[in-house]
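Novice: Sharing input-v4.txt here; it has compact mmCIF, C-alpha atoms.
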# COMPACT_ATOMS: atom_id res chain seq x y z
CA MET A 187 0.00 0.00 0.00
CA THR A 188 1.40 3.37 -0.99
CA ALA A 189 1.05 6.68 0.76
CA GLU A 190 -1.15 7.85 -2.13
CA GLU A 191 -3.67 5.17 -1.22
CA MET A 192 -3.99 6.56 2.32
CA LYS A 193 -6.54 9.21 3.20
CA ALA A 194 -5.66 12.38 5.03
CA ASP A 195 -7.08 12.96 8.52
CA GLY A 196 -10.64 14.22 8.36
CA ALA A 197 -11.24 12.95 4.78
CA PRO A 198 -14.03 10.36 4.25
CA MET A 199 -12.79 6.77 4.31
CA GLU A 200 -13.71 4.03 1.85
CA GLY A 201 -15.39 0.76 2.67
CA ALA A 202 -18.49 -0.83 4.15
CA ASP A 203 -19.35 -0.08 7.76
CA ILE A 204 -19.12 -3.43 9.60
CA THR A 205 -19.57 -2.22 13.18
CA PRO A 206 -22.61 -3.46 15.13
CA LYS A 207 -23.43 0.17 16.03
CA ARG A 208 -23.09 1.34 12.42
CA ASP A 209 -20.97 4.25 13.60
CA GLU A 210 -18.37 3.87 10.82
CA GLY A 211 -15.79 2.91 13.41
CA VAL A 212 -14.55 0.03 11.20
CA LEU A 213 -14.76 0.23 7.41
CA LYS A 214 -13.91 -2.78 5.28
CA VAL A 215 -12.88 -3.23 1.64
CA VAL A 216 -12.45 -6.76 0.25
CA LYS A 217 -9.34 -6.94 -1.91
CA ARG A 218 -9.57 -10.68 -2.63
CA GLU A 219 -12.62 -12.86 -2.13
CA GLY A 220 -12.27 -15.90 0.10
CA SER A 221 -13.68 -19.40 -0.41
CA GLY A 222 -16.43 -21.36 1.26
CA THR A 223 -19.51 -20.11 3.07
CA GLU A 224 -18.40 -20.08 6.70
CA SER A 225 -16.72 -17.33 8.67
CA PRO A 226 -14.99 -17.59 12.05
CA MET A 227 -17.12 -17.51 15.20
CA ILE A 228 -16.40 -16.26 18.71
CA GLY A 229 -13.79 -18.44 20.40
CA ASP A 230 -12.37 -19.81 17.14
CA LYS A 231 -8.59 -19.94 16.81
CA VAL A 232 -7.83 -17.85 13.70
CA THR A 233 -4.56 -17.60 11.79
CA VAL A 234 -3.73 -14.50 9.71
CA HIS A 235 -1.06 -12.41 8.08
CA TYR A 236 -1.36 -8.64 8.47
CA THR A 237 0.28 -5.29 7.87
CA GLY A 238 -0.61 -2.07 9.70
CA TRP A 239 -0.17 1.57 8.66
CA LEU A 240 -0.80 5.00 10.07
CA LEU A 241 -2.86 7.33 7.90
CA ASP A 242 0.31 9.04 6.63
CA GLY A 243 1.49 5.74 5.14
CA THR A 244 3.94 4.84 7.90
CA LYS A 245 4.08 1.08 8.34
CA PHE A 246 4.22 0.25 12.05
CA ASP A 247 3.92 -3.55 12.05
CA SER A 248 3.79 -6.55 9.68
CA SER A 249 3.71 -10.29 10.25
CA LEU A 250 4.79 -10.68 6.62
CA ASP A 251 8.06 -8.93 7.37
CA ARG A 252 8.61 -11.37 10.25
CA ARG A 253 7.52 -14.29 8.05
CA ASP A 254 5.47 -15.50 10.98
CA LYS A 255 1.68 -15.88 10.85
CA PHE A 256 -0.29 -14.57 13.79
CA SER A 257 -2.94 -16.61 15.67
CA PHE A 258 -5.47 -15.50 18.28
CA ASP A 259 -8.83 -16.50 19.79
CA LEU A 260 -11.55 -14.46 18.11
CA GLY A 261 -13.88 -12.38 20.26
CA LYS A 262 -11.94 -12.89 23.48
CA GLY A 263 -10.39 -9.42 23.68
CA GLU A 264 -6.92 -10.64 22.74
CA VAL A 265 -6.67 -8.07 19.91
CA ILE A 266 -8.12 -4.62 19.22
CA LYS A 267 -11.91 -4.38 18.76
CA ALA A 268 -11.59 -3.70 15.04
CA TRP A 269 -9.90 -7.04 14.48
CA ASP A 270 -12.49 -9.01 16.42
CA ILE A 271 -15.19 -7.37 14.33
CA ALA A 272 -13.47 -7.59 10.95
CA VAL A 273 -12.04 -11.11 11.06
CA ALA A 274 -15.49 -12.44 12.05
CA THR A 275 -16.73 -11.27 8.61
CA MET A 276 -13.96 -12.95 6.59
CA LYS A 277 -13.70 -16.27 4.77
CA VAL A 278 -10.63 -18.44 4.33
CA GLY A 279 -8.31 -17.01 1.67
CA GLU A 280 -9.87 -13.55 1.86
CA ILE A 281 -7.71 -10.43 1.93
CA CYS A 282 -9.32 -7.24 3.16
CA ARG A 283 -8.34 -3.72 4.12
CA ILE A 284 -9.92 -2.19 7.21
CA THR A 285 -9.82 1.38 8.43
CA CYS A 286 -10.49 1.69 12.16
CA LYS A 287 -11.11 4.75 14.28
CA PRO A 288 -9.18 5.18 17.54
CA GLU A 289 -12.02 3.86 19.75
CA TYR A 290 -11.80 0.54 17.84
CA ALA A 291 -7.99 0.52 17.94
CA TYR A 292 -5.66 1.88 20.65
CA GLY A 293 -7.81 4.82 21.74
CA SER A 294 -6.55 7.97 23.38
CA ALA A 295 -3.52 6.19 24.87
CA GLY A 296 -2.13 4.91 21.58
CA SER A 297 0.61 2.27 21.71
CA PRO A 298 3.93 4.10 22.07
CA PRO A 299 6.33 4.49 20.50
CA LYS A 300 4.91 3.48 17.11
CA ILE A 301 1.21 4.40 17.44
CA PRO A 302 0.37 7.91 18.66
CA PRO A 303 -2.71 8.78 20.74
CA ASN A 304 -6.09 8.96 18.94
CA ALA A 305 -4.69 7.33 15.79
CA THR A 306 -6.89 6.02 12.99
CA LEU A 307 -5.24 2.87 11.65
CA ILE A 308 -5.33 0.89 8.42
CA PHE A 309 -4.73 -2.86 8.30
CA GLU A 310 -4.52 -5.36 5.50
CA ILE A 311 -5.44 -8.84 6.73
CA GLU A 312 -5.35 -12.24 5.06
CA LEU A 313 -7.24 -15.12 6.73
CA PHE A 314 -5.59 -18.55 6.39
CA GLU A 315 -7.64 -20.78 8.69
CA PHE A 316 -9.92 -20.97 11.69
CA LYS A 317 -10.95 -23.79 13.99
CA GLY A 318 -13.29 -24.19 16.94
CA GLU A 319 -12.38 -24.20 20.63
CA ASP A 320 -11.47 -27.57 22.17
CA LEU A 321 -13.40 -27.99 25.44
CA THR A 322 -11.94 -31.34 26.52
CA ASP A 323 -9.63 -31.66 29.51
CA ASP A 324 -7.10 -33.64 27.46
CA GLU A 325 -7.43 -31.40 24.37
CA ASP A 326 -8.18 -34.47 22.27
CA GLY A 327 -10.60 -32.67 19.94
CA GLY A 328 -13.56 -34.63 21.31
CA ILE A 329 -15.73 -31.56 22.01
CA ILE A 330 -15.35 -28.55 19.72
CA ARG A 331 -17.34 -25.38 20.35
CA ARG A 332 -18.17 -22.57 17.96
CA ILE A 333 -20.05 -19.64 19.49
CA ARG A 334 -22.74 -18.10 17.30
CA LYS A 335 -23.83 -15.58 19.93
CA LYS A 336 -21.86 -14.59 23.01
CA GLY A 337 -23.59 -15.04 26.34
CA GLU A 338 -24.08 -12.69 29.27
CA GLY A 339 -21.81 -12.35 32.28
CA TYR A 340 -19.09 -14.75 33.36
CA SER A 341 -20.99 -17.32 35.44
CA LYS A 342 -21.41 -20.86 34.06
CA PRO A 343 -23.46 -23.89 35.16
CA ASN A 344 -21.76 -26.33 37.52
CA GLU A 345 -22.37 -29.99 38.30
CA GLY A 346 -25.91 -30.24 39.68
CA ALA A 347 -27.05 -26.89 38.23
CA LEU A 348 -30.62 -26.65 36.96
CA VAL A 349 -30.43 -25.55 33.31
CA GLU A 350 -32.99 -24.63 30.68
CA ILE A 351 -31.85 -25.19 27.12
CA GLN A 352 -33.19 -25.13 23.59
CA PHE A 353 -31.30 -27.48 21.30
CA GLU A 354 -31.15 -29.37 18.05
CA GLY A 355 -29.09 -32.53 17.50
CA ARG A 356 -27.82 -33.51 14.05
CA TYR A 357 -26.24 -36.63 12.64
CA GLY A 358 -24.93 -35.77 9.18
CA ASP A 359 -27.70 -33.76 7.51
CA ARG A 360 -30.47 -35.29 9.63
CA VAL A 361 -32.00 -33.63 12.68
CA PHE A 362 -32.58 -36.45 15.17
CA ASP A 363 -33.53 -34.48 18.29
CA ARG A 364 -35.09 -31.04 18.74
CA ARG A 365 -36.39 -29.96 22.15
CA GLU A 366 -36.63 -27.40 24.90
CA LEU A 367 -35.53 -29.01 28.15
CA ARG A 368 -35.11 -28.21 31.81
CA PHE A 369 -32.89 -30.63 33.70
CA GLU A 370 -30.12 -30.94 36.26
CA ILE A 371 -26.52 -31.25 35.07
CA GLY A 372 -25.51 -34.82 35.83
CA GLU A 373 -28.98 -36.16 34.99
CA GLY A 374 -28.65 -35.88 31.20
CA ASP A 375 -28.63 -39.63 30.70
CA ASN A 376 -32.26 -39.68 31.86
CA TYR A 377 -33.12 -37.33 29.00
CA ASP A 378 -31.12 -39.11 26.25
CA LEU A 379 -28.36 -36.49 26.23
CA PRO A 380 -24.75 -37.61 25.63
CA HIS A 381 -22.32 -36.87 28.46
CA GLY A 382 -20.16 -34.73 26.15
CA LEU A 383 -23.06 -32.33 25.67
CA GLU A 384 -23.50 -31.95 29.44
CA LYS A 385 -19.78 -31.20 29.72
CA ALA A 386 -20.12 -28.60 26.95
CA ILE A 387 -23.12 -26.89 28.58
CA GLN A 388 -21.00 -26.32 31.70
CA LYS A 389 -18.76 -24.06 29.57
CA MET A 390 -21.65 -21.84 28.41
CA GLU A 391 -22.82 -18.44 29.64
CA LYS A 392 -26.45 -17.42 29.97
CA SER A 393 -28.12 -16.68 26.58
CA GLU A 394 -25.10 -18.09 24.71
CA GLU A 395 -25.85 -19.81 21.42
CA SER A 396 -23.23 -22.33 20.31
CA VAL A 397 -22.59 -25.24 17.98
CA PHE A 398 -20.88 -28.29 19.49
CA TYR A 399 -19.17 -31.05 17.51
CA LEU A 400 -18.87 -34.31 19.48
CA LYS A 401 -16.57 -37.22 18.66
CA PRO A 402 -18.08 -40.69 19.28
CA ASN A 403 -16.57 -41.18 22.75
CA TYR A 404 -18.24 -37.93 23.87
CA GLY A 405 -21.48 -38.76 22.08
CA PHE A 406 -23.32 -42.09 22.08
CA GLY A 407 -20.09 -44.09 21.77
CA SER A 408 -19.76 -47.57 20.34
CA ALA A 409 -23.34 -48.43 21.33
CA GLY A 410 -25.00 -45.71 19.28
CA LYS A 411 -28.58 -44.71 20.13
CA GLU A 412 -31.32 -46.86 18.68
CA LYS A 413 -34.04 -44.42 19.78
CA PHE A 414 -32.60 -41.76 17.45
CA GLN A 415 -31.30 -44.24 14.82
CA ILE A 416 -27.73 -43.20 15.61
CA PRO A 417 -25.25 -45.93 14.58
CA PRO A 418 -22.18 -46.90 16.62
CA ASP A 419 -19.18 -44.53 16.61
CA ALA A 420 -21.15 -41.61 15.20
CA GLU A 421 -19.96 -38.00 15.22
CA LEU A 422 -22.71 -35.63 16.34
CA GLN A 423 -23.48 -31.92 16.10
CA TYR A 424 -25.63 -29.98 18.57
CA GLU A 425 -26.83 -26.40 18.34
CA VAL A 426 -27.64 -25.19 21.85
CA LYS A 427 -29.04 -22.03 23.42
CA LEU A 428 -28.63 -21.78 27.19
CA LYS A 429 -31.79 -19.89 28.12
CA SER A 430 -31.19 -19.82 31.88
CA PHE A 431 -29.63 -21.72 34.76
CA GLU A 432 -29.51 -21.90 38.55
CA LYS A 433 -26.12 -22.94 39.88
CA ALA A 434 -25.96 -25.75 42.40
CA LYS A 435 -24.48 -24.65 45.70
CA GLU A 436 -20.76 -25.24 45.98
CA SER A 437 -19.44 -26.99 49.09
CA TRP A 438 -18.18 -23.72 50.63
CA GLU A 439 -21.62 -22.15 50.18
CA MET A 440 -23.38 -24.75 52.35
CA ASN A 441 -23.39 -25.07 56.11
CA THR A 442 -23.09 -28.45 57.84
CA ASP A 443 -26.84 -29.03 58.07
CA GLU A 444 -27.26 -28.38 54.34
CA LYS A 445 -24.38 -30.72 53.47
CA LEU A 446 -25.83 -33.52 55.58
CA GLU A 447 -29.32 -32.97 54.17
CA GLN A 448 -28.13 -32.85 50.55
CA SER A 449 -25.91 -35.90 51.11
CA CYS A 450 -28.95 -37.94 52.15
CA ILE A 451 -30.83 -36.78 49.04
CA VAL A 452 -28.05 -37.60 46.56
CA LYS A 453 -27.40 -40.94 48.30
CA GLU A 454 -30.97 -42.00 47.56
CA ARG A 455 -30.69 -40.70 44.00
CA GLY A 456 -27.44 -42.61 43.50
CA THR A 457 -29.06 -45.80 44.80
CA GLN A 458 -31.89 -45.41 42.31
CA TYR A 459 -29.41 -44.97 39.46
CA PHE A 460 -27.52 -48.05 40.65
CA LYS A 461 -30.70 -50.15 40.62
CA GLU A 462 -31.31 -48.98 37.05
CA GLY A 463 -27.79 -50.06 36.04
CA LYS A 464 -26.63 -46.46 35.53
CA TYR A 465 -23.39 -46.91 37.41
CA LYS A 466 -21.59 -43.80 36.15
CA ARG A 467 -24.53 -41.61 37.12
CA ALA A 468 -24.72 -43.31 40.51
CA ALA A 469 -21.00 -42.73 41.08
CA LEU A 470 -21.40 -39.01 40.37
CA GLN A 471 -23.97 -38.76 43.17
CA TYR A 472 -21.84 -40.64 45.69
CA LYS A 473 -18.80 -38.50 44.82
CA LYS A 474 -20.77 -35.41 45.86
CA ILE A 475 -21.10 -36.81 49.38
CA VAL A 476 -17.35 -37.35 49.61
CA SER A 477 -16.57 -33.83 48.33
CA TRP A 478 -19.03 -32.23 50.75
CA LEU A 479 -18.14 -34.15 53.91
CA GLU A 480 -14.56 -35.42 53.56
CA HIS A 481 -12.93 -32.32 55.07
CA GLU A 482 -15.80 -31.07 57.22
CA SER A 483 -14.59 -30.11 60.71
CA GLY A 484 -15.94 -28.70 63.94
CA LEU A 485 -18.89 -31.11 64.02
CA SER A 486 -20.88 -32.09 67.07
CA ASP A 487 -20.79 -35.77 68.09
CA GLU A 488 -24.18 -36.34 66.49
CA GLU A 489 -23.17 -34.58 63.24
CA ASP A 490 -19.83 -36.41 63.15
CA THR A 491 -21.54 -39.79 63.52
CA LYS A 492 -23.97 -38.99 60.69
CA ALA A 493 -21.22 -37.61 58.44
CA ARG A 494 -19.00 -40.68 58.97
CA SER A 495 -21.96 -42.96 58.20
CA LEU A 496 -22.70 -41.10 54.96
CA ARG A 497 -19.03 -41.06 53.92
CA LEU A 498 -18.72 -44.78 54.65
CA ALA A 499 -21.81 -45.55 52.56
CA ALA A 500 -20.55 -43.31 49.75
CA HIS A 501 -17.15 -45.06 49.55
CA LEU A 502 -18.71 -48.53 49.74
CA ASN A 503 -21.20 -47.65 47.00
CA LEU A 504 -18.51 -46.05 44.87
CA ALA A 505 -16.47 -49.24 45.20
CA MET A 506 -19.47 -51.25 43.99
CA CYS A 507 -20.02 -48.88 41.03
CA HIS A 508 -16.37 -49.15 40.00
CA LEU A 509 -16.49 -52.95 40.28
CA LYS A 510 -19.48 -52.95 37.93
CA LEU A 511 -17.61 -50.64 35.55
CA LYS A 512 -14.46 -52.83 35.83
CA GLU A 513 -12.50 -49.85 37.17
CA TYR A 514 -10.65 -51.93 39.72
CA SER A 515 -8.00 -49.46 40.89
CA GLN A 516 -10.73 -46.95 41.79
CA ALA A 517 -12.72 -49.72 43.48
CA LEU A 518 -9.65 -50.55 45.62
CA GLU A 519 -9.13 -46.89 46.47
CA ASN A 520 -12.70 -46.51 47.74
CA CYS A 521 -12.57 -49.79 49.67
CA ASN A 522 -9.44 -48.56 51.43
CA LYS A 523 -11.15 -45.24 52.22
CA ALA A 524 -14.12 -47.13 53.65
CA LEU A 525 -11.86 -49.35 55.74
CA GLU A 526 -10.09 -46.27 57.13
CA LEU A 527 -13.49 -45.32 58.56
CA ASP A 528 -14.36 -48.87 59.68
CA SER A 529 -11.44 -51.33 59.56
CA ASN A 530 -13.67 -54.42 59.99
CA ASN A 531 -16.44 -53.40 57.61
CA GLU A 532 -17.87 -56.50 55.97
CA LYS A 533 -18.73 -54.94 52.62
CA GLY A 534 -15.44 -53.02 52.47
CA LEU A 535 -13.37 -56.17 53.01
CA PHE A 536 -15.48 -58.28 50.66
CA ARG A 537 -15.45 -55.73 47.83
CA ARG A 538 -11.73 -55.16 48.21
CA GLY A 539 -11.29 -58.92 47.95
CA GLU A 540 -13.34 -58.89 44.73
CA ALA A 541 -11.20 -56.07 43.31
CA HIS A 542 -7.97 -57.95 44.19
CA LEU A 543 -9.38 -61.12 42.64
CA ALA A 544 -10.31 -59.27 39.44
CA VAL A 545 -6.70 -58.14 38.93
CA ASN A 546 -5.26 -61.58 39.83
CA ASP A 547 -3.87 -60.56 43.23
CA PHE A 548 -5.02 -63.90 44.63
CA GLU A 549 -3.05 -63.82 47.89
CA LEU A 550 -4.40 -60.39 48.83
CA ALA A 551 -7.90 -61.43 47.83
CA ARG A 552 -7.63 -64.59 49.97
CA GLY A 553 -6.56 -62.47 52.95
CA ASP A 554 -9.62 -60.24 52.63
CA PHE A 555 -12.07 -63.14 52.26
CA GLN A 556 -10.49 -64.99 55.18
CA LYS A 557 -10.94 -61.91 57.35
CA VAL A 558 -14.58 -61.61 56.28
CA ILE A 559 -15.22 -65.24 57.27
CA GLN A 560 -13.36 -64.79 60.55
CA LEU A 561 -15.46 -61.73 61.46
CA TYR A 562 -18.70 -62.80 59.79
CA PRO A 563 -18.86 -66.61 59.71
CA SER A 564 -22.28 -66.65 58.06
CA ASN A 565 -21.06 -64.86 54.90
CA LYS A 566 -21.53 -67.63 52.31
CA ALA A 567 -20.39 -65.48 49.38
CA ALA A 568 -17.00 -64.95 51.05
CA LYS A 569 -16.63 -68.72 51.52
CA VAL A 570 -17.32 -69.29 47.83
CA GLN A 571 -14.81 -66.61 46.83
CA LEU A 572 -12.24 -68.03 49.23
CA VAL A 573 -12.52 -71.42 47.51
CA THR A 574 -12.07 -69.64 44.16
CA CYS A 575 -8.95 -67.89 45.48
CA GLN A 576 -7.43 -71.10 46.78
CA GLN A 577 -8.10 -72.82 43.47
CA LYS A 578 -6.52 -69.92 41.57
CA ILE A 579 -3.50 -69.98 43.87
CA ARG A 580 -3.07 -73.75 43.32
CA GLU A 581 -3.37 -73.28 39.57
CA GLN A 582 -0.81 -70.50 39.75
CA HIS A 583 1.58 -72.70 41.78
CA GLU A 584 1.15 -75.59 39.35
CA LYS A 585 1.79 -73.28 36.45
CA GLU A 586 4.90 -71.89 38.13
CA LYS A 587 6.09 -75.41 39.03
CA LYS A 588 5.65 -76.54 35.45
CA MET A 589 7.34 -73.40 34.16
CA TYR A 590 10.33 -73.87 36.47
CA ALA A 591 10.47 -77.61 35.72
CA ASN A 592 10.53 -76.87 32.00
CA MET A 593 13.15 -74.21 32.57
CA PHE A 594 15.39 -76.59 34.56
CA GLN A 595 14.80 -79.36 31.99
CA ARG A 596 15.83 -76.98 29.22
CA LEU A 597 18.96 -76.09 31.17
CA ALA A 598 19.71 -79.79 31.79
CA ASP A 599 19.13 -80.60 28.11
CA LYS A 600 21.39 -77.75 27.18
CA ASP A 601 24.12 -79.07 29.49
CA LEU A 602 23.76 -82.58 28.06
CA LYS A 603 23.86 -81.21 24.56
CA SER A 604 26.96 -79.18 25.39
CA ALA A 605 28.61 -82.26 26.93
CA ALA A 606 27.68 -84.37 23.91
CA THR A 607 28.99 -81.71 21.58
CA LEU A 608 32.24 -81.56 23.53
CA GLN A 609 32.61 -85.38 23.48
CA THR A 610 31.90 -85.45 19.77
CA SER A 611 34.50 -82.76 19.26
CA HIS A 612 37.11 -84.75 21.22
CA THR A 613 36.28 -87.92 19.26
CA GLU A 614 36.51 -86.13 15.93
CA ASP A 615 39.85 -84.60 16.94
CA ALA A 616 41.21 -88.06 17.84
CA GLU A 617 39.94 -89.59 14.60
CA MET A 618 41.40 -86.75 12.58
CA LYS A 619 44.73 -87.22 14.32
CA ASP A 620 44.70 -90.95 13.60
CA GLU A 621 43.77 -90.26 10.02
CA GLN A 622 46.58 -87.77 9.67
CA ASN A 623 49.03 -90.32 11.12
CA GLY A 624 47.77 -92.93 8.64
CA VAL A 625 48.30 -90.62 5.72
CA GLU A 626 51.86 -89.95 6.77
CA ASP A 627 52.62 -93.67 7.09
CA LYS A 628 51.08 -94.38 3.72
CA SER A 629 53.12 -91.65 2.12
CA GLU A 630 56.28 -93.14 3.49
CA VAL A 631 55.39 -96.58 2.20
CA ASP A 632 54.62 -95.20 -1.21
CA THR A 633 57.91 -93.38 -1.26
CA GLU A 634 59.82 -96.44 -0.33
CA ALA A 635 58.09 -98.47 -3.02
For the structure just supplied, provide its representation as structure tokens.
Specialist:
Amino acid sequence: MTAEEMKADGAPMEGADITPKRDEGVLKVVKREGSGTESPMIGDKVTVHYTGWLLDGTKFDSSLDRRDKFSFDLGKGEVIKAWDIAVATMKVGEICRITCKPEYAYGSAGSPPKIPPNATLIFEIELFEFKGEDLTDDEDGGIIRRIRKKGEGYSKPNEGALVEIQFEGRYGDRVFDRRELRFEIGEGDNYDLPHGLEKAIQKMEKSEESVFYLKPNYGFGSAGKEKFQIPPDAELQYEVKLKSFEKAKESWEMNTDEKLEQSCIVKERGTQYFKEGKYKRAALQYKKIVSWLEHESGLSDEEDTKARSLRLAAHLNLAMCHLKLKEYSQALENCNKALELDSNNEKGLFRRGEAHLAVNDFELARGDFQKVIQLYPSNKAAKVQLVTCQQKIREQHEKEKKMYANMFQRLADKDLKSAATLQTSHTEDAEMKDEQNGVEDKSEVDTEA
């Protein structure tokens, strides 16, 4: 861009007004059309090249000169307002020129030493790519969000929050679910919502409208969803508006009475989920009890007794959930927590024995079942499991005996083979020597003849 292309201060600028207020604060001219139909949304990671000038033609910055593209999260205040507005109107491959007034750039402060106060700036921007925001803890791309409309405030729903949403679920080009729904976060399974969508909703602000892209393990997984004719390992898309929500009280917001009361409620809810075979949902409820009561202090004797009872039940039930889910290390952890509260607890010892048995720690399992029988002689299940342990231990010993026997036999065979080889070698050496002597004798005879 040459100085001749710049406009003097006070002269009318060229371009379309793209500001929401239509105050001509950002004017845009497209120099090269982009491709496709989509433009970046709020929260997208965008990658651009740019050059910036003052109105007198002075270039103050350029990523092209550095040969280094620039990336930022759109609409998050990481760049000047003009950029957030302008880049949201672009398509991949597009090059545009924007003219931005000071209030959409660096304002009355400027950005010394290169940008003076109250400077109108001109930028040329080329958009290379954009991609949605990854909401997963492991950043594995399993939940991607693209924000169509930014929400209000900074508060977001938490686990247990009561939310009201309007949503549409798509598989390919087909809409398979369209509803308005009011439910509690953590209860989505009851309403045929995938767990990845619940996780995504917890990242939303009130009145936010977003599109979520879910990979199979955050959607309906390898089972699919027959009700919606969703096949196994399907990628899903949800458009969601969070109309309102009421946050669940955090632990620090509740007094002891509230924690004890709520613990009783979620314990019953967890038990109902367990009976329905919804072990993950049940576990979520029991975990709440642990988080609320584990570090509670200053309790009266009566409160302490009730809290210990609830914590014990929560750990025992969590152990059972994890056994059902074949998550044996977590089952062991919760059994140990339960046994810290009650060292002779029948269920804690039995379930720990089951977890040890499941991971082939037969000796440890036998110890737990023996203790159960010692303390509770009428426990028939423990007697059955003890017999199983003893059988497994015998099988293991037989296997080890056979393995060691085979190993020693192989070593013995190797020694015999080595000895035989050595004997053969000695014999061959002797025969060769005799043969050599015979040749010499024969040569002498021949010579004499």
Novice: Pick the closest to A:Ile329 from A:Trp239, A:Phe414, A:Tyr459, A:Tyr404: which is it, counting only C-alpha atoms?
Specialist: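 Under the stated criterion, the closest residue is A:Tyr404.
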Novice: To one decimal place, how far is atom CA of A:Leu383 from atom CA of A:Lys262 in Å?
Specialist: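 Pair atom CA of A:Leu383 / atom CA of A:Lys262 returns 22.5 Å.
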Novice: Mind running stretch 224-280 of chain A against stretch 299-322 of chain A at 7 Å and telling me each contacting residue's nearest atom pair with the distance in Å (one decimal), counting only C-alpha atoms, chain and number ascending, as CSV?
Specialist:
residue,atom,partner,partner_atom,distance
A:Pro226,CA,A:Phe316,CA,6.1
A:Gly229,CA,A:Glu319,CA,5.9
A:Asp230,CA,A:Gly318,CA,4.5
A:Lys231,CA,A:Lys317,CA,5.3
A:Val232,CA,A:Phe316,CA,4.3
A:Thr233,CA,A:Glu315,CA,5.4
A:Val234,CA,A:Leu313,CA,4.6
A:His235,CA,A:Glu312,CA,5.2
A:Tyr236,CA,A:Ile311,CA,4.4
A:Thr237,CA,A:Glu310,CA,5.4
A:Gly238,CA,A:Phe309,CA,4.4
A:Trp239,CA,A:Ile308,CA,5.2
A:Leu240,CA,A:Leu307,CA,5.2
A:Leu241,CA,A:Leu307,CA,6.3
A:Phe246,CA,A:Lys300,CA,6.0
A:Lys277,CA,A:Leu313,CA,6.8
A:Val278,CA,A:Leu313,CA,5.3
A:Gly279,CA,A:Leu313,CA,5.5
A:Glu280,CA,A:Glu312,CA,5.7
Novice: Quick one: residues within 6 Å of stretch 386-388 of chain A, only C-alpha atoms, excluding same-chain residues fewer than 3 positions away - as a ChimeraX atom specification?
Specialist: /A:342-344,383
Novice: Quote the spacing between atom CA of A:Pro298 and atom CA of A:Val265 in Å to one decimal place.
Specialist: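 Distance between the two atoms: 16.3 Å.
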Novice: Would you list the contacts of stretch 467-475 of chain A as an MDAnalysis selection string, taking every protein, DNA or RNA residue within 6 Å and counting only C-alpha atoms, but skipping same-chain residues closer than 6 positions in sequence?
Specialist: chainID A and resid 449 452 456 459:460 500 504
Novice: I'd like the interatomic distance between atom CA of A:Ser249 and atom CA of A:Ile204, to a tenth of an Å.
Specialist: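 Straight-line distance from atom CA of A:Ser249 to atom CA of A:Ile204 works out to 23.8 Å.
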Novice: For A:Asn531, please output as a PyMOL selection string all residues within 10 Å (counting all atoms listed in the file; exclusion window: fewer than 3 positions along the same chain).
Specialist: chain A and resi 498+502+521+524-528+534-536+558+561-562
Novice: Compute the distance from (-25.0, -27.4, 45.8) to each atom, counting all atoms listed in the file, keep the residues with any atom at most 12 Å away, and return them as a count of residues only; use the coordinates of the file.
Specialist: 31
Novice: Which residues are near A:Glu482? Cut-off 9 Å, only C-alpha atoms, ignore same chain within fewer than 5 positions. Put them as a PDB file with C-alpha atoms, in the frame of the given file.
Specialist:
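To be explicit, this is the file written out as result-v7.pdb:
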ATOM      1  CA  THR A 442     -23.090 -28.450  57.840  1.00  0.00           C
ATOM      2  CA  ASP A 490     -19.830 -36.410  63.150  1.00  0.00           C
ATOM      3  CA  ALA A 493     -21.220 -37.610  58.440  1.00  0.00           C
TER       4      ALA A 493
END
Novice: May I ask which of the residues A:Ser408, A:Ser430, A:Thr244, A:Thr285 is the closest one to A:Ala272, counting only C-alpha atoms?
Specialist: A:Thr285
Novice: Please return, as JSON, numbers by chain, all polymer residues that have at least one atom within 12 Å of the point (-12.2, -5.6, 16.3); use all atoms listed in the file and the file's own coordinate frame.
Specialist: {"A": [204, 205, 206, 211, 212, 213, 214, 228, 259, 260, 261, 262, 263, 264, 265, 266, 267, 268, 269, 270, 271, 272, 273, 274, 275, 284, 285, 286, 287, 288, 289, 290, 291, 292, 307, 309]}
Novice: With distances taken over all atoms listed in the file, which residue among A:Ala505, A:Val426, A:Ala544, A:Val397 lies nearest A:Ile351?
Specialist: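 Among A:Ala505, A:Val426, A:Ala544, A:Val397, it is A:Val426 that comes nearest to A:Ile351.
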Novice: Which one is closest to A:Asp443: A:Met227, A:Leu485, A:Cys282, A:Leu250? Count only C-alpha atoms.
Specialist: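 Selected residue with least distance to A:Asp443: A:Leu485.
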Novice: Return as AutoDock Vina command-line options the box centre and box size in Å, one decimal, for an axis-aligned box around all listed atoms of stretch 424-434 of chain A padded by 8 Å per side.
Specialist:
--center_x -28.7 --center_y -24.9 --center_z 30.4 --size_x 22.2 --size_y 26.2 --size_z 40.1
Novice: Can you tell me which residues surround A:Ser341 at a distance of at most 9 Å, considering all atoms listed in the file, apart from same-chain residues fewer than 4 positions away, and format the answer as a ChimeraX atom specification?
Specialist: /A:390-392,433
Novice: Limited to C-alpha atoms, could you put the picked residues into a file as a PDB file, keeping the file's coordinate frame?
Specialist:
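The resulting again_27.pdb:
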ATOM      1  CA  MET A 390     -21.650 -21.840  28.410  1.00  0.00           C
ATOM      2  CA  GLU A 391     -22.820 -18.440  29.640  1.00  0.00           C
ATOM      3  CA  LYS A 392     -26.450 -17.420  29.970  1.00  0.00           C
ATOM      4  CA  LYS A 433     -26.120 -22.940  39.880  1.00  0.00           C
TER       5      LYS A 433
END
Novice: Nearest to A:Leu428 among A:Ala567, A:Cys507, A:Leu400, A:Val349, with distances taken over only C-alpha atoms: which residue is it?
Specialist: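 Closest to A:Leu428, using only C-alpha atoms: A:Val349.
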